[in-house]
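Data file: work_10.pdb. Format and content: PDB, C-alpha atoms, pLDDT in the B column.
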ATOM      1  CA  MET B 759     125.145  72.013  94.171  1.00 95.00           C
ATOM      2  CA  ILE B 760     123.242  74.013  96.807  1.00 96.00           C
ATOM      3  CA  LEU B 761     119.574  73.372  97.619  1.00 96.00           C
ATOM      4  CA  VAL B 762     117.690  76.294  99.161  1.00 96.00           C
ATOM      5  CA  ARG B 763     114.302  76.032 100.842  1.00 96.00           C
ATOM      6  CA  ASP B 764     112.491  79.256 101.665  1.00 95.00           C
ATOM      7  CA  ILE B 765     109.748  78.417 104.147  1.00 96.00           C
ATOM      8  CA  PHE B 766     106.842  80.799 104.603  1.00 95.00           C
ATOM      9  CA  ARG B 767     104.339  80.450 107.457  1.00 95.00           C
ATOM     10  CA  LEU B 768     101.274  82.142 106.062  1.00 95.00           C
ATOM     11  CA  LYS B 769      98.610  83.996 107.988  1.00 94.00           C
ATOM     12  CA  PHE B 770      95.485  81.971 108.693  1.00 92.00           C
ATOM     13  CA  GLY B 771      93.255  81.731 105.638  1.00 89.00           C
ATOM     14  CA  LYS B 772      95.798  83.267 103.224  1.00 91.00           C
ATOM     15  CA  ALA B 773      97.116  80.096 101.548  1.00 90.00           C
ATOM     16  CA  LYS B 774      95.033  80.324  98.370  1.00 90.00           C
ATOM     17  CA  GLU B 775      95.946  83.959  97.825  1.00 93.00           C
ATOM     18  CA  ALA B 776      99.641  83.206  98.422  1.00 93.00           C
ATOM     19  CA  LYS B 777      99.596  80.222  96.036  1.00 91.00           C
ATOM     20  CA  ASP B 778      98.007  82.357  93.341  1.00 92.00           C
ATOM     21  CA  LEU B 779     100.640  85.059  93.836  1.00 92.00           C
ATOM     22  CA  PHE B 780     103.417  82.475  93.572  1.00 88.00           C
ATOM     23  CA  LYS B 781     102.262  81.687  90.040  1.00 88.00           C
ATOM     24  CA  ASP B 782     102.979  85.325  89.207  1.00 90.00           C
ATOM     25  CA  ALA B 783     106.336  85.149  91.008  1.00 89.00           C
ATOM     26  CA  LYS B 784     107.444  82.208  88.878  1.00 87.00           C
ATOM     27  CA  LYS B 785     106.664  84.150  85.700  1.00 89.00           C
ATOM     28  CA  ILE B 786     108.526  87.239  86.891  1.00 88.00           C
ATOM     29  CA  ALA B 787     111.531  85.204  88.016  1.00 85.00           C
ATOM     30  CA  ALA B 788     111.682  83.243  84.756  1.00 86.00           C
ATOM     31  CA  GLY B 789     111.737  86.521  82.848  1.00 86.00           C
ATOM     32  CA  ILE B 790     114.961  87.513  84.615  1.00 83.00           C
ATOM     33  CA  GLY B 791     116.646  84.119  84.411  1.00 80.00           C
ATOM     34  CA  PHE B 792     115.759  82.793  87.872  1.00 79.00           C
ATOM     35  CA  ASN B 793     114.216  79.329  87.755  1.00 79.00           C
ATOM     36  CA  PHE B 794     112.111  78.138  90.691  1.00 79.00           C
ATOM     37  CA  GLY B 795     112.454  74.432  91.308  1.00 83.00           C
ATOM     38  CA  LYS B 796     109.399  73.432  93.286  1.00 88.00           C
ATOM     39  CA  THR B 797     106.702  75.195  95.249  1.00 88.00           C
ATOM     40  CA  MET B 798     105.055  73.055  97.925  1.00 89.00           C
ATOM     41  CA  THR B 799     102.339  73.392 100.561  1.00 88.00           C
ATOM     42  CA  ASP B 800     101.876  71.552 103.828  1.00 84.00           C
ATOM     43  CA  ILE B 801     100.223  68.168 104.299  1.00 79.00           C
ATOM     44  CA  THR B 802     101.534  67.593 107.824  1.00 76.00           C
ATOM     45  CA  GLY B 803     103.218  69.887 110.317  1.00 76.00           C
ATOM     46  CA  PRO B 804     102.261  73.537 110.753  1.00 78.00           C
ATOM     47  CA  SER B 805      99.270  74.530 108.644  1.00 84.00           C
ATOM     48  CA  TYR B 806      99.449  77.305 106.068  1.00 91.00           C
ATOM     49  CA  THR B 807     103.065  76.600 105.119  1.00 93.00           C
ATOM     50  CA  LEU B 808     104.399  77.386 101.649  1.00 93.00           C
ATOM     51  CA  VAL B 809     107.873  76.213 100.625  1.00 94.00           C
ATOM     52  CA  MET B 810     109.897  77.362  97.626  1.00 92.00           C
ATOM     53  CA  GLU B 811     112.758  75.033  96.742  1.00 94.00           C
ATOM     54  CA  THR B 812     115.527  76.049  94.333  1.00 92.00           C
ATOM     55  CA  GLU B 813     118.953  74.743  93.366  1.00 93.00           C
ATOM     56  CA  PHE B 814     122.124  76.684  92.622  1.00 94.00           C
ATOM     57  CA  GLU B 815     125.572  75.718  91.401  1.00 94.00           C
ATOM     58  CA  SER B 816     127.243  77.349  94.424  1.00 95.00           C
ATOM     59  CA  LEU B 817     126.712  79.866  97.216  1.00 95.00           C
ATOM     60  CA  SER B 818     128.091  82.616  94.990  1.00 95.00           C
ATOM     61  CA  ASP B 819     125.610  81.605  92.269  1.00 93.00           C
ATOM     62  CA  PHE B 820     122.822  81.897  94.866  1.00 93.00           C
ATOM     63  CA  GLU B 821     124.059  85.333  95.964  1.00 93.00           C
ATOM     64  CA  ASN B 822     124.271  86.634  92.406  1.00 92.00           C
ATOM     65  CA  LYS B 823     120.854  85.368  91.369  1.00 90.00           C
ATOM     66  CA  ILE B 824     119.073  86.503  94.515  1.00 89.00           C
ATOM     67  CA  ARG B 825     120.611  89.967  94.110  1.00 91.00           C
ATOM     68  CA  THR B 826     119.280  90.113  90.538  1.00 90.00           C
ATOM     69  CA  VAL B 827     115.788  89.064  91.636  1.00 88.00           C
ATOM     70  CA  PHE B 828     115.559  91.444  94.594  1.00 89.00           C
ATOM     71  CA  SER B 829     116.730  94.420  92.520  1.00 92.00           C
ATOM     72  CA  ASN B 830     114.056  93.839  89.855  1.00 92.00           C
ATOM     73  CA  SER B 831     111.235  96.419  90.071  1.00 93.00           C
ATOM     74  CA  GLU B 832     108.541  93.944  88.970  1.00 92.00           C
ATOM     75  CA  TRP B 833     109.666  91.533  91.728  1.00 91.00           C
ATOM     76  CA  GLN B 834     109.601  94.346  94.286  1.00 93.00           C
ATOM     77  CA  LYS B 835     105.976  95.146  93.351  1.00 95.00           C
ATOM     78  CA  TRP B 836     105.070  91.453  93.635  1.00 94.00           C
ATOM     79  CA  TYR B 837     106.776  91.206  97.028  1.00 93.00           C
ATOM     80  CA  GLN B 838     104.695  94.107  98.371  1.00 96.00           C
ATOM     81  CA  LYS B 839     101.591  92.021  97.656  1.00 96.00           C
ATOM     82  CA  PHE B 840     103.028  88.774  99.055  1.00 95.00           C
ATOM     83  CA  SER B 841     104.698  89.906 102.289  1.00 95.00           C
ATOM     84  CA  PRO B 842     101.452  90.960 104.079  1.00 96.00           C
ATOM     85  CA  LEU B 843     100.260  87.331 103.741  1.00 96.00           C
ATOM     86  CA  VAL B 844     103.275  85.968 105.651  1.00 96.00           C
ATOM     87  CA  GLU B 845     103.380  85.468 109.412  1.00 96.00           C
ATOM     88  CA  SER B 846     107.056  84.405 109.465  1.00 96.00           C
ATOM     89  CA  ALA B 847     109.702  82.917 107.196  1.00 96.00           C
ATOM     90  CA  SER B 848     112.958  80.986 107.346  1.00 97.00           C
ATOM     91  CA  ARG B 849     115.554  79.658 104.941  1.00 96.00           C
ATOM     92  CA  GLU B 850     117.319  76.298 104.912  1.00 97.00           C
ATOM     93  CA  MET B 851     120.384  75.680 102.734  1.00 97.00           C
ATOM     94  CA  TYR B 852     121.881  72.284 101.979  1.00 97.00           C
ATOM     95  CA  THR B 853     124.830  70.921 100.042  1.00 97.00           C
ATOM     96  CA  VAL B 854     123.516  68.254  97.662  1.00 95.00           C
ATOM     97  CA  ILE B 855     125.763  65.167  97.868  1.00 94.00           C
ATOM     98  CA  GLU B 856     123.894  62.856  95.465  1.00 83.00           C
TER      99      GLU B 856
END

Structure translated into structure tokens:
Amino acid sequence: MILVRDIFRLKFGKAKEAKDLFKDAKKIAAGIGFNFGKTMTDITGPSYTLVMETEFESLSDFENKIRTVFSNSEWQKWYQKFSPLVESASREMYTVIE
């Protein structure tokens, strides 16, 4: 099992707008068979941080599903709205051992 955390550092004052857009993203993703695990916001650490956490059976499963999502036209339209709200982003990937 692979755990993936996509970490978005949002522009100042854009957290509410980004959270609202993520509700739309979950609906779009679910419609194409991609299931978000959790979406989280900061309590400590850098402010205006949004984290999307998902699990995959393997790295190849991750690659296949992410390819499907990114090639979806509805997702691409959503991403054009979301990306201007982001200052920077990073991805962490872990092997789940328990």

Best match for closeness to Lys774 (chain B) among B:Thr807, B:Asn830, B:Asn822, B:Ser846, counting all atoms listed in the file: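 Using all atoms listed in the file, Lys774 (chain B) sits closest to B:Thr807.
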
May I ask for the distance between CA of Glu821 (chain B) and CA of Asp800 (chain B), given in Å to one decimal place? 27.3 Å

With only C-alpha atoms as the basis for distance, which of B:Met759, B:Trp833, B:Glu856, B:Gly771 is at the shortest distance from Gly789 (chain B)?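 When distances to Gly789 (chain B) are compared using only C-alpha atoms, the smallest one comes from B:Trp833.
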
Can you measure CA of Ala776 (chain B) to CA of Asp819 (chain B) for me? One decimal in Å is fine.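 A separation of 26.7 Å between them.
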
Please expand the PyMOL selection byres ((chain B and resi 843) around 9) into the concrete residues it hits in this file, giving the result as an MDAnalysis selection string. chainID B and resid 767:770 772:773 775:776 839:842 844:845

Those residues you just picked out, can you put them in a file as a compact mmCIF listing (two decimals), in the frame of the given file with C-alpha atoms?
# COMPACT_ATOMS: atom_id res chain seq x y z
CA ARG B 767 104.34 80.45 107.46
CA LEU B 768 101.27 82.14 106.06
CA LYS B 769 98.61 84.00 107.99
CA PHE B 770 95.48 81.97 108.69
CA LYS B 772 95.80 83.27 103.22
CA ALA B 773 97.12 80.10 101.55
CA GLU B 775 95.95 83.96 97.82
CA ALA B 776 99.64 83.21 98.42
CA LYS B 839 101.59 92.02 97.66
CA PHE B 840 103.03 88.77 99.06
CA SER B 841 104.70 89.91 102.29
CA PRO B 842 101.45 90.96 104.08
CA VAL B 844 103.28 85.97 105.65
CA GLU B 845 103.38 85.47 109.41

For CA of Ser818 (chain B) and CA of Asp764 (chain B), quote the distance in Å rounded to one decimal.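 If I compute the distance from CA of Ser818 (chain B) to CA of Asp764 (chain B), I get 17.3 Å.
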
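For the point (117.9, 90.1, 90.3), the residues with an atom at a distance of at most 12 Å are Ile786, Ala787, Ala788, Gly789, Ile790, Gly791, Phe792, Asn793, Asp819, Phe820, Glu821, Asn822, Lys823, Ile824, Arg825, Thr826, Val827, Phe828, Ser829, Asn830, Ser831, Glu832, Trp833 and Gln834 of chain B, counting all atoms listed in the file.
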
Quick check on the file I pasted: which residues fall under the PyMOL selection byres ((chain B and resi 795-797) around 6)? Write them as a PyMOL selection string. chain B and resi 794+798+809-812

Residue subset to file, keeping C-alpha atoms, as a tab-separated table (two decimals), keeping the file's coordinate frame:
chain	number	residue	atom	x	y	z
B	794	PHE	CA	112.11	78.14	90.69
B	798	MET	CA	105.06	73.06	97.92
B	809	VAL	CA	107.87	76.21	100.62
B	810	MET	CA	109.90	77.36	97.63
B	811	GLU	CA	112.76	75.03	96.74
B	812	THR	CA	115.53	76.05	94.33

Of the candidates B:Thr802, B:Leu808, B:Leu779, B:Leu817, which one gets nearest to Arg763 (chain B) if we count all atoms listed in the file? B:Leu808

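Distances here use only C-alpha atoms; by that measure, the residue among B:Ile855, B:Ala847, B:Ile760, B:Ile765 closest to Thr799 (chain B) is B:Ile765.
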